[in-house]
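Colleague: For reference, this is start_1.txt, and it has compact mmCIF, C-alpha atoms.
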```txt
# COMPACT_ATOMS: atom_id res chain seq x y z
CA MET E 1 23.14 91.85 12.25
CA SER E 2 21.90 88.56 10.96
CA SER E 3 25.31 86.89 11.08
CA GLN E 4 24.09 84.37 13.68
CA ASN E 5 23.62 80.91 12.23
CA PRO E 6 19.87 80.12 12.23
CA SER E 7 20.60 76.43 12.55
CA ALA E 8 22.71 76.96 15.68
CA LYS E 9 19.96 79.09 17.21
CA LYS E 10 17.41 76.38 16.46
CA ILE E 11 19.59 73.74 18.12
CA ARG E 12 19.98 75.91 21.20
CA ASP E 13 16.26 76.51 21.36
CA VAL E 14 15.46 72.80 21.04
CA SER E 15 18.13 71.87 23.57
CA SER E 16 16.89 74.47 26.01
CA SER E 17 13.25 73.51 25.67
CA SER E 18 14.03 69.81 26.02
CA GLN E 19 15.97 70.32 29.23
CA GLU E 20 13.36 72.36 31.05
CA PRO E 21 11.12 69.44 32.09
CA ILE E 22 14.07 67.07 32.61
CA VAL E 23 15.85 68.92 35.41
CA PRO E 24 12.88 69.00 37.83
CA ARG E 25 12.14 65.34 37.09
CA LEU E 26 15.73 64.32 37.85
CA ILE E 27 15.61 66.28 41.10
CA GLY E 28 12.37 64.54 42.07
CA GLU E 29 13.81 61.10 41.29
CA LEU E 30 16.96 61.85 43.27
CA GLU E 31 14.88 63.04 46.21
CA THR E 32 12.79 59.85 46.10
CA MET E 33 15.90 57.65 45.98
CA ILE E 34 17.28 59.45 49.04
CA LEU E 35 14.04 59.28 51.02
CA ALA E 36 13.61 55.61 50.16
CA ARG E 37 16.79 54.87 52.10
CA PHE E 38 15.44 56.34 55.33
CA PRO E 39 14.56 53.80 58.06
CA MET E 40 10.93 52.68 58.07
CA THR E 41 10.48 54.15 61.54
CA GLU E 42 11.00 57.62 60.02
CA HIS E 43 8.58 57.20 57.12
CA TRP E 44 5.60 58.63 58.96
CA LYS E 45 7.56 61.81 59.73
CA LEU E 46 8.63 62.21 56.10
CA GLY E 47 5.06 61.63 55.00
CA CYS E 48 3.95 64.60 57.12
CA LEU E 49 6.55 66.86 55.48
CA ASN E 50 6.31 65.69 51.88
CA LYS E 51 2.95 65.03 50.20
CA GLN E 52 4.58 63.29 47.25
CA PHE E 53 6.44 60.91 49.55
CA GLN E 54 3.22 60.26 51.46
CA ALA E 55 1.45 59.34 48.22
CA GLN E 56 4.35 57.07 47.22
CA LEU E 57 4.18 55.38 50.62
CA LYS E 58 0.46 54.64 50.41
CA SER E 59 0.76 53.34 46.86
CA GLY E 60 3.64 51.06 47.83
CA GLU E 61 5.96 52.69 45.30
CA ILE E 62 8.59 53.49 47.94
CA TYR E 63 8.84 49.82 48.91
CA GLU E 64 9.19 48.80 45.27
CA ILE E 65 12.07 51.26 44.93
CA ARG E 66 13.66 49.88 48.10
CA ARG E 67 13.51 46.36 46.67
CA GLU E 68 15.00 47.49 43.36
CA ILE E 69 18.00 49.15 45.01
CA GLY E 70 18.43 46.25 47.45
CA PHE E 71 17.59 48.33 50.52
CA LYS E 72 15.33 46.28 52.77
CA GLU E 73 15.13 46.13 56.55
CA PRO E 74 13.26 43.83 58.92
CA CYS E 75 10.14 44.90 60.76
CA VAL E 76 9.09 42.78 63.75
CA PHE E 77 5.36 42.29 64.33
CA MET E 78 4.18 41.07 67.72
CA LEU E 79 0.74 40.20 69.06
CA GLU E 80 0.51 41.31 72.68
CA SER E 81 -0.90 38.75 75.09
CA GLU E 82 -2.43 41.24 77.49
CA GLN E 83 -4.06 43.65 75.03
CA GLY E 84 -4.68 41.41 72.03
CA ASN E 85 -3.32 44.05 69.65
CA TRP E 86 -0.51 43.92 67.10
CA SER E 87 2.55 46.15 67.29
CA ALA E 88 5.34 46.88 64.79
CA LEU E 89 8.90 47.26 66.05
CA ASP E 90 12.18 48.08 64.32
CA ARG E 91 15.00 45.54 64.34
CA HIS E 92 16.64 47.21 67.36
CA PHE E 93 13.38 47.28 69.37
CA LYS E 94 13.82 51.02 69.94
CA SER E 95 10.65 52.08 68.16
CA CYS E 96 7.22 50.55 68.77
CA ARG E 97 4.07 51.45 66.85
CA LYS E 98 0.66 49.95 67.57
CA LEU E 99 -1.25 48.80 64.52
CA PRO E 100 -4.93 49.58 64.00
CA LEU E 101 -7.32 47.05 65.49
CA ILE E 102 -8.54 44.35 63.13
CA PRO E 103 -11.99 45.59 62.02
CA THR E 104 -13.94 42.52 63.08
CA ILE E 105 -17.61 42.73 63.98
CA ILE E 106 -16.83 41.91 67.61
CA PRO E 107 -13.06 42.46 68.14
CA SER E 108 -13.11 40.97 71.64
CA VAL E 109 -14.09 37.52 70.33
CA TYR E 110 -11.38 37.29 67.65
CA SER E 111 -8.89 34.62 68.69
CA PHE E 112 -5.44 33.86 67.31
CA SER E 113 -5.33 30.45 69.00
CA CYS E 114 -4.52 28.71 65.69
CA GLY E 115 -2.21 31.40 64.39
CA ASN E 116 1.14 30.55 65.96
CA ASN E 117 2.58 29.01 62.82
CA GLY E 118 0.18 30.66 60.37
CA SER E 119 1.49 34.22 60.42
CA PHE E 120 3.73 35.09 57.48
CA SER E 121 4.60 37.98 55.19
CA ALA E 122 5.02 38.68 51.48
CA GLY E 123 6.33 42.06 50.41
CA THR E 124 4.47 44.59 52.58
CA HIS E 125 1.63 42.18 53.39
CA LEU E 126 1.33 40.45 56.77
CA PHE E 127 -1.07 37.50 57.00
CA VAL E 128 -2.57 36.42 60.34
CA GLN E 129 -5.14 33.74 61.03
CA GLY E 130 -7.54 33.01 63.83
CA TRP E 131 -11.16 32.42 64.82
CA GLU E 132 -13.93 34.94 64.26
CA ALA E 133 -17.46 34.23 65.50
CA GLY E 134 -16.67 30.51 65.56
CA GLU E 135 -15.27 30.41 62.03
CA TYR E 136 -11.76 30.26 60.63
CA SER E 137 -10.68 33.70 59.40
CA VAL E 138 -7.57 35.18 57.75
CA TRP E 139 -6.72 38.89 57.76
CA ARG E 140 -4.03 40.82 55.91
CA TYR E 141 -2.22 43.94 57.07
CA ASP E 142 -0.67 46.25 54.45
CA LEU E 143 2.35 48.13 55.74
CA ALA E 144 2.06 50.72 52.96
CA THR E 145 -1.52 51.74 53.76
CA ASN E 146 -1.45 50.84 57.48
CA LYS E 147 -4.79 49.05 57.08
CA TRP E 148 -6.28 45.60 57.69
CA SER E 149 -8.48 43.80 55.17
CA LYS E 150 -9.79 40.29 54.66
CA ALA E 151 -7.00 38.27 53.05
CA PRO E 152 -7.38 36.87 49.53
CA PRO E 153 -8.49 33.26 50.14
CA MET E 154 -6.11 30.43 49.40
CA ASN E 155 -7.13 27.97 46.71
CA SER E 156 -7.17 25.36 49.48
CA PRO E 157 -7.96 27.05 52.83
CA ARG E 158 -5.82 25.58 55.59
CA CYS E 159 -4.49 26.02 59.10
CA LEU E 160 -1.49 24.57 61.00
CA PHE E 161 0.60 24.69 57.83
CA ALA E 162 4.20 25.47 56.86
CA SER E 163 5.05 28.86 55.38
CA ALA E 164 8.07 30.76 54.09
CA SER E 165 8.64 34.22 52.65
CA HIS E 166 10.85 35.37 49.79
CA ASP E 167 10.73 38.94 48.50
CA ILE E 168 7.12 39.68 47.41
CA PHE E 169 6.21 35.99 47.51
CA ALA E 170 5.01 33.64 50.23
CA PHE E 171 4.82 29.86 50.09
CA VAL E 172 2.46 27.66 52.12
CA ALA E 173 2.08 23.89 52.22
CA GLY E 174 0.37 21.15 54.18
CA GLY E 175 -1.78 21.72 57.23
CA LEU E 176 -5.41 20.88 57.96
CA GLU E 177 -8.32 21.76 55.70
CA THR E 178 -10.71 24.18 57.39
CA LYS E 179 -14.11 22.62 56.65
CA THR E 180 -14.06 19.56 58.87
CA TYR E 181 -10.46 19.87 60.16
CA SER E 182 -10.02 16.16 59.53
CA GLU E 183 -7.98 15.98 56.31
CA VAL E 184 -4.22 16.42 56.42
CA LEU E 185 -3.11 18.22 53.27
CA SER E 186 -0.24 17.76 50.85
CA SER E 187 -1.23 20.70 48.66
CA ALA E 188 0.94 23.82 48.31
CA GLU E 189 0.47 27.39 47.05
CA LYS E 190 2.41 30.57 46.27
CA TYR E 191 1.18 34.11 46.99
CA ASN E 192 2.19 37.10 44.87
CA ALA E 193 1.88 40.39 46.78
CA LYS E 194 1.93 42.43 43.57
CA SER E 195 -1.00 40.64 41.95
CA GLN E 196 -2.52 39.80 45.37
CA SER E 197 -3.33 36.29 44.17
CA TRP E 198 -2.55 32.65 44.94
CA LYS E 199 -1.09 30.10 42.53
CA THR E 200 -1.46 26.36 43.11
CA LEU E 201 1.83 24.42 43.20
CA PRO E 202 2.41 20.67 42.74
CA ARG E 203 1.52 18.56 45.77
CA MET E 204 4.13 17.54 48.31
CA ILE E 205 5.33 13.97 48.53
CA ARG E 206 3.91 13.58 52.07
CA GLU E 207 0.78 14.88 53.74
CA ARG E 208 1.71 16.77 56.89
CA LYS E 209 0.32 19.17 59.51
CA PHE E 210 2.09 21.11 62.31
CA CYS E 211 5.03 21.40 59.91
CA SER E 212 7.68 24.11 59.57
CA GLY E 213 8.76 26.01 56.48
CA CYS E 214 11.76 28.03 55.32
CA TYR E 215 13.29 29.39 52.12
CA MET E 216 16.88 28.36 51.43
CA ASP E 217 19.02 27.79 48.31
CA ASN E 218 16.17 29.30 46.25
CA LYS E 219 13.93 26.46 47.37
CA PHE E 220 10.89 26.20 49.65
CA TYR E 221 11.54 23.68 52.44
CA VAL E 222 8.83 21.95 54.48
CA ILE E 223 10.14 20.10 57.53
CA GLY E 224 8.69 17.68 60.07
CA GLY E 225 5.09 17.74 61.25
CA GLN E 226 2.61 14.90 61.65
CA ASP E 227 0.86 12.62 59.19
CA GLU E 228 -2.80 11.55 59.23
CA GLN E 229 -2.05 8.92 61.88
CA LYS E 230 -0.47 11.61 64.11
CA ASN E 231 2.97 10.09 63.68
CA ASN E 232 5.84 12.56 64.02
CA LEU E 233 7.70 12.98 60.73
CA THR E 234 11.48 13.31 60.72
CA CYS E 235 11.70 13.85 56.96
CA GLY E 236 11.67 17.11 55.08
CA GLU E 237 11.17 18.01 51.44
CA PHE E 238 11.79 21.01 49.23
CA PHE E 239 10.11 22.55 46.20
CA ASP E 240 12.30 23.71 43.32
CA GLU E 241 10.58 26.20 41.01
CA GLU E 242 13.06 25.49 38.20
CA THR E 243 12.01 21.84 38.02
CA ASN E 244 8.50 22.47 39.39
CA SER E 245 8.87 19.42 41.61
CA TRP E 246 9.39 18.28 45.21
CA THR E 247 12.38 16.31 46.52
CA LEU E 248 12.25 14.28 49.74
CA VAL E 249 14.97 14.70 52.40
CA PRO E 250 14.84 11.57 54.61
CA ASN E 251 15.72 11.82 58.32
CA MET E 252 16.22 15.58 58.20
CA LEU E 253 15.27 15.81 61.90
CA LYS E 254 17.01 12.63 63.01
CA ASP E 255 19.31 14.57 65.38
CA ILE E 256 16.47 16.63 66.88
CA ILE E 257 14.87 14.89 69.84
CA PRO E 258 11.12 15.65 69.81
CA LEU E 259 9.41 16.65 73.03
CA SER E 260 6.83 14.12 74.15
CA THR E 261 4.21 16.87 74.59
CA SER E 262 5.05 18.86 71.47
CA ARG E 263 2.96 18.53 68.32
CA SER E 264 5.22 20.79 66.28
CA PRO E 265 8.83 20.61 65.15
CA PRO E 266 11.18 23.28 66.48
CA PRO E 267 11.24 26.70 64.81
CA PHE E 268 13.75 27.39 62.04
CA ALA E 269 15.56 30.50 60.83
CA VAL E 270 17.71 31.03 57.74
CA VAL E 271 20.67 33.43 58.01
CA ASN E 272 23.15 33.83 55.14
CA ASN E 273 21.51 30.86 53.44
CA LYS E 274 22.24 28.57 56.41
CA LEU E 275 19.52 26.85 58.43
CA TYR E 276 19.37 27.11 62.23
CA THR E 277 16.93 25.68 64.76
CA LEU E 278 16.14 26.16 68.43
CA ASP E 279 16.04 22.70 70.00
CA ALA E 280 13.86 22.96 73.11
CA SER E 281 14.87 19.51 74.37
CA SER E 282 18.46 20.67 74.87
CA ASN E 283 17.81 24.43 75.03
CA GLU E 284 20.42 25.14 72.37
CA VAL E 285 20.82 26.31 68.80
CA LYS E 286 21.76 23.84 66.10
CA LEU E 287 23.07 24.36 62.56
CA TYR E 288 21.95 22.15 59.68
CA MET E 289 24.90 20.59 57.85
CA LYS E 290 23.65 20.23 54.28
CA GLY E 291 26.38 17.89 53.10
CA THR E 292 25.85 15.28 55.81
CA ASN E 293 22.15 15.86 56.55
CA SER E 294 23.00 16.34 60.23
CA TRP E 295 22.90 19.05 62.91
CA LYS E 296 25.81 20.76 64.65
CA LYS E 297 25.45 22.13 68.19
CA LEU E 298 26.20 25.84 68.62
CA GLY E 299 25.73 26.16 72.36
CA PRO E 300 22.88 27.01 74.76
CA VAL E 301 20.61 30.02 74.45
CA PRO E 302 20.26 32.68 77.20
CA ILE E 303 16.53 32.04 77.63
CA LYS E 304 14.63 28.99 78.79
CA ALA E 305 12.89 27.53 75.76
CA ASN E 306 9.40 26.26 76.49
CA THR E 307 9.56 22.59 77.45
CA GLN E 308 5.83 22.09 77.78
CA GLU E 309 4.36 22.79 74.35
CA GLY E 310 7.49 23.46 72.32
CA PRO E 311 8.97 26.82 71.42
CA TRP E 312 5.97 27.78 69.26
CA SER E 313 3.65 28.01 72.23
CA GLY E 314 2.33 31.54 72.18
CA ASP E 315 1.26 31.55 75.83
CA LEU E 316 4.84 31.54 77.06
CA GLY E 317 6.16 33.73 74.28
CA THR E 318 9.27 32.19 72.73
CA ALA E 319 10.40 33.29 69.27
CA PHE E 320 13.32 32.27 67.06
CA LYS E 321 13.51 34.28 63.83
CA SER E 322 15.82 35.58 61.13
CA LEU E 323 16.67 39.29 61.09
CA GLY E 324 18.57 39.28 57.83
CA ASN E 325 22.17 38.59 58.86
CA GLU E 326 21.24 38.01 62.51
CA LEU E 327 19.26 35.55 64.61
CA LEU E 328 16.49 36.95 66.80
CA LEU E 329 15.64 35.24 70.08
CA ILE E 330 12.82 36.32 72.38
CA GLY E 331 11.75 34.68 75.62
CA ALA E 332 11.98 34.73 79.40
CA ASN E 333 15.06 34.12 81.54
CA SER E 334 13.17 32.30 84.29
CA ALA E 335 10.41 29.72 84.60
CA SER E 336 8.05 32.35 86.01
CA TYR E 337 6.73 33.59 82.69
CA SER E 338 3.62 35.35 83.91
CA HIS E 339 5.50 38.08 85.80
CA THR E 340 8.66 38.29 83.75
CA LEU E 341 9.41 40.90 81.12
CA MET E 342 10.42 39.41 77.82
CA SER E 343 14.11 39.35 77.02
CA VAL E 344 15.35 40.00 73.50
CA TYR E 345 18.68 38.77 72.12
CA THR E 346 20.39 38.83 68.74
CA CYS E 347 23.58 37.32 67.37
CA CYS E 348 25.49 37.09 64.12
CA PRO E 349 25.82 33.32 63.87
CA ASP E 350 29.22 31.88 63.08
CA PRO E 351 29.03 28.25 61.89
CA ASP E 352 32.64 27.63 63.01
CA VAL E 353 32.23 28.47 66.72
CA GLU E 354 31.16 26.12 69.50
CA ASN E 355 29.04 28.66 71.34
CA LEU E 356 27.21 31.58 69.76
CA GLN E 357 27.66 34.99 71.35
CA TRP E 358 24.28 36.53 72.15
CA ARG E 359 23.74 40.25 72.68
CA GLU E 360 20.83 41.41 74.81
CA ILE E 361 18.73 44.26 73.46
CA VAL E 362 17.28 46.76 75.91
CA CYS E 363 13.70 47.33 74.79
CA ARG E 364 12.82 50.99 75.12
CA ASN E 365 9.43 52.51 74.44
CA THR E 366 7.84 49.08 74.80
CA ASP E 367 5.87 47.59 77.65
CA HIS E 368 5.57 44.02 76.44
CA HIS E 369 5.42 41.51 79.27
CA SER E 370 4.52 38.63 76.96
CA PHE E 371 3.32 37.99 73.45
CA ASP E 372 1.42 35.35 71.54
CA ILE E 373 2.81 35.56 68.01
CA CYS E 374 5.91 37.06 66.41
CA ALA E 375 6.42 37.58 62.68
CA VAL E 376 9.14 39.32 60.67
CA MET E 377 8.70 41.27 57.43
CA PHE E 378 11.46 42.56 55.14
CA ALA E 379 10.46 45.73 53.33
```
Would it be possible to restate this file's structure as structure tokens?

Modeller:
Amino acid sequence: MSSQNPSAKKIRDVSSSSQEPIVPRLIGELETMILARFPMTEHWKLGCLNKQFQAQLKSGEIYEIRREIGFKEPCVFMLESEQGNWSALDRHFKSCRKLPLIPTIIPSVYSFSCGNNGSFSAGTHLFVQGWEAGEYSVWRYDLATNKWSKAPPMNSPRCLFASASHDIFAFVAGGLETKTYSEVLSSAEKYNAKSQSWKTLPRMIRERKFCSGCYMDNKFYVIGGQDEQKNNLTCGEFFDEETNSWTLVPNMLKDIIPLSTSRSPPPFAVVNNKLYTLDASSNEVKLYMKGTNSWKKLGPVPIKANTQEGPWSGDLGTAFKSLGNELLLIGANSASYSHTLMSVYTCCPDPDVENLQWREIVCRNTDHHSFDICAVMFA
């Protein structure tokens, strides 16, 4: 009756008891990994069905998992001209969700007039800047919690600066200081969305305002702008974190003809680690040739880029952005902007073609006639 080996029974008991808590945990992890791959537009539905997923959404854990498994998708944020409210759209412009109003004391007096080139993202954080009760103000929207809050202040508050996003980080440089708005800055900073803090970087080689920024070749590029004497700059420079230093790129915009009325360089977008720009003077896209420090023409765009204030002018609503492996182009097909619905186009840029092939997107569930600011977040 007692022929059973006590040691074998003990092993079975230990094995059995050790597996009991493991199986449910593995099932929960597998479920989370599956849900994390759902499109962001479906997250609110999943949150209603699954309390654990809802908690992981609000804590930002789901977005951390998405980054770890390399599953990120773009979310397009647009500030509506007519209603003054932000909306979030998926990359196909099929789903549109209005964000909560910014909780200012008097929402109707909050202005984004200085925010055209000051809206950027880092991780699930969207930064926007504007004027509140006569003072410069920066707000931050958290995609995970769907809430606005006052943004952590930069070490050197600024406006009209260059910015670029990379994963959970954002880089800013240059611009105007926001006390007297008289000093053109050369300072630079890096924001960490996880620690929600700013780190001061070495100063740029040139002071510049109205400049553009992008992230390419694991470097933060700052291009063009104006110096303290309001001279247009054709040079660029990039910051390399490995060397912790800046390198000047002379005549980077030598092939881009500036508009006489434009204070800003054209907008830039990086797709597959290649730099593209929308040149409003010729109404065409150009590709930056790194080896020769020159620009290659890739044909006209199907919209009329703003020729009055440059393609960053929010009033006429022209946007040129990166959507991962695609270029995003938003604007109007005619000169009558006030009564024209915005047109949205995308393309997968091919550096070897003479004319890019643009595909128009039919915007459903949206009623945007125009917009002031457009920003893209990858989460």

Colleague: So the first atom is CA of Gly236 (chain E) and the second is CA of Cys211 (chain E); what is the distance between them in Å, to one decimal place?

Modeller: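 A separation of 9.3 Å between them.
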
Colleague: Would you kindly return, as JSON, numbers by chain, each protein, DNA or RNA residue with an atom no farther than 9 Å from any atom of Asn155 (chain E), considering only C-alpha atoms and excluding same-chain residues fewer than 3 positions away?

Modeller: {"E": [189, 198, 199, 200]}

Colleague: Quote the spacing between CA of Glu73 (chain E) and CA of Cys347 (chain E) in Å to one decimal place.

Modeller: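 CA of Cys347 (chain E) lies 16.3 Å from CA of Glu73 (chain E).
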
Colleague: Quick one: residues within 10 Å of Ile65 (chain E), all atoms listed in the file counted, chain neighbours fewer than 6 positions away excluded, as an MDAnalysis selection string?

Modeller: chainID E and resid 32:33 36:37 56 71:72

Colleague: Rank nothing, just name the residue among E:Met289, E:Ala193, E:Ile62, E:Ala164 nearest to Phe239 (chain E), using only C-alpha atoms.

Modeller: E:Ala164

Colleague: Can you measure CA of Leu328 (chain E) to CA of Met154 (chain E) for me? One decimal in Å is fine.

Modeller: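 Computing the Euclidean distance for CA of Leu328 (chain E) and CA of Met154 (chain E) yields 29.3 Å.
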
Colleague: Which of these residues is nearest to Arg206 (chain E), using all atoms listed in the file: E:Leu248, E:Lys190, E:Asn85, E:Glu61?

Modeller: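 Closest residue, counting all atoms listed in the file: E:Leu248.
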
Colleague: What's the 7 Å shell around Ala188 (chain E), counting only C-alpha atoms, without same-chain residues fewer than 6 positions away, as a list of chain:residue names?

Modeller: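 Selected residues are E:Val172, E:Ala173, E:Gly174, E:Thr200, E:Leu201, E:Pro202, E:Arg203.
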
Colleague: Between E:Trp148, E:Cys75, E:Gln226, E:Ile373, which residue has the minimum interatomic distance to Ser322 (chain E), considering only C-alpha atoms?

Modeller: E:Cys75

Colleague: Taking 5 positions as the minimum chain separation for residues in the same chain, which residues sit within 6 Å of region 276-284 of chain E when counting all atoms listed in the file? Answer as a list in words.

Modeller: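 Contacts, in chain order: Pro267, Phe268, Ala269, Gly299, Pro300, Val301 and Ala305 of chain E.
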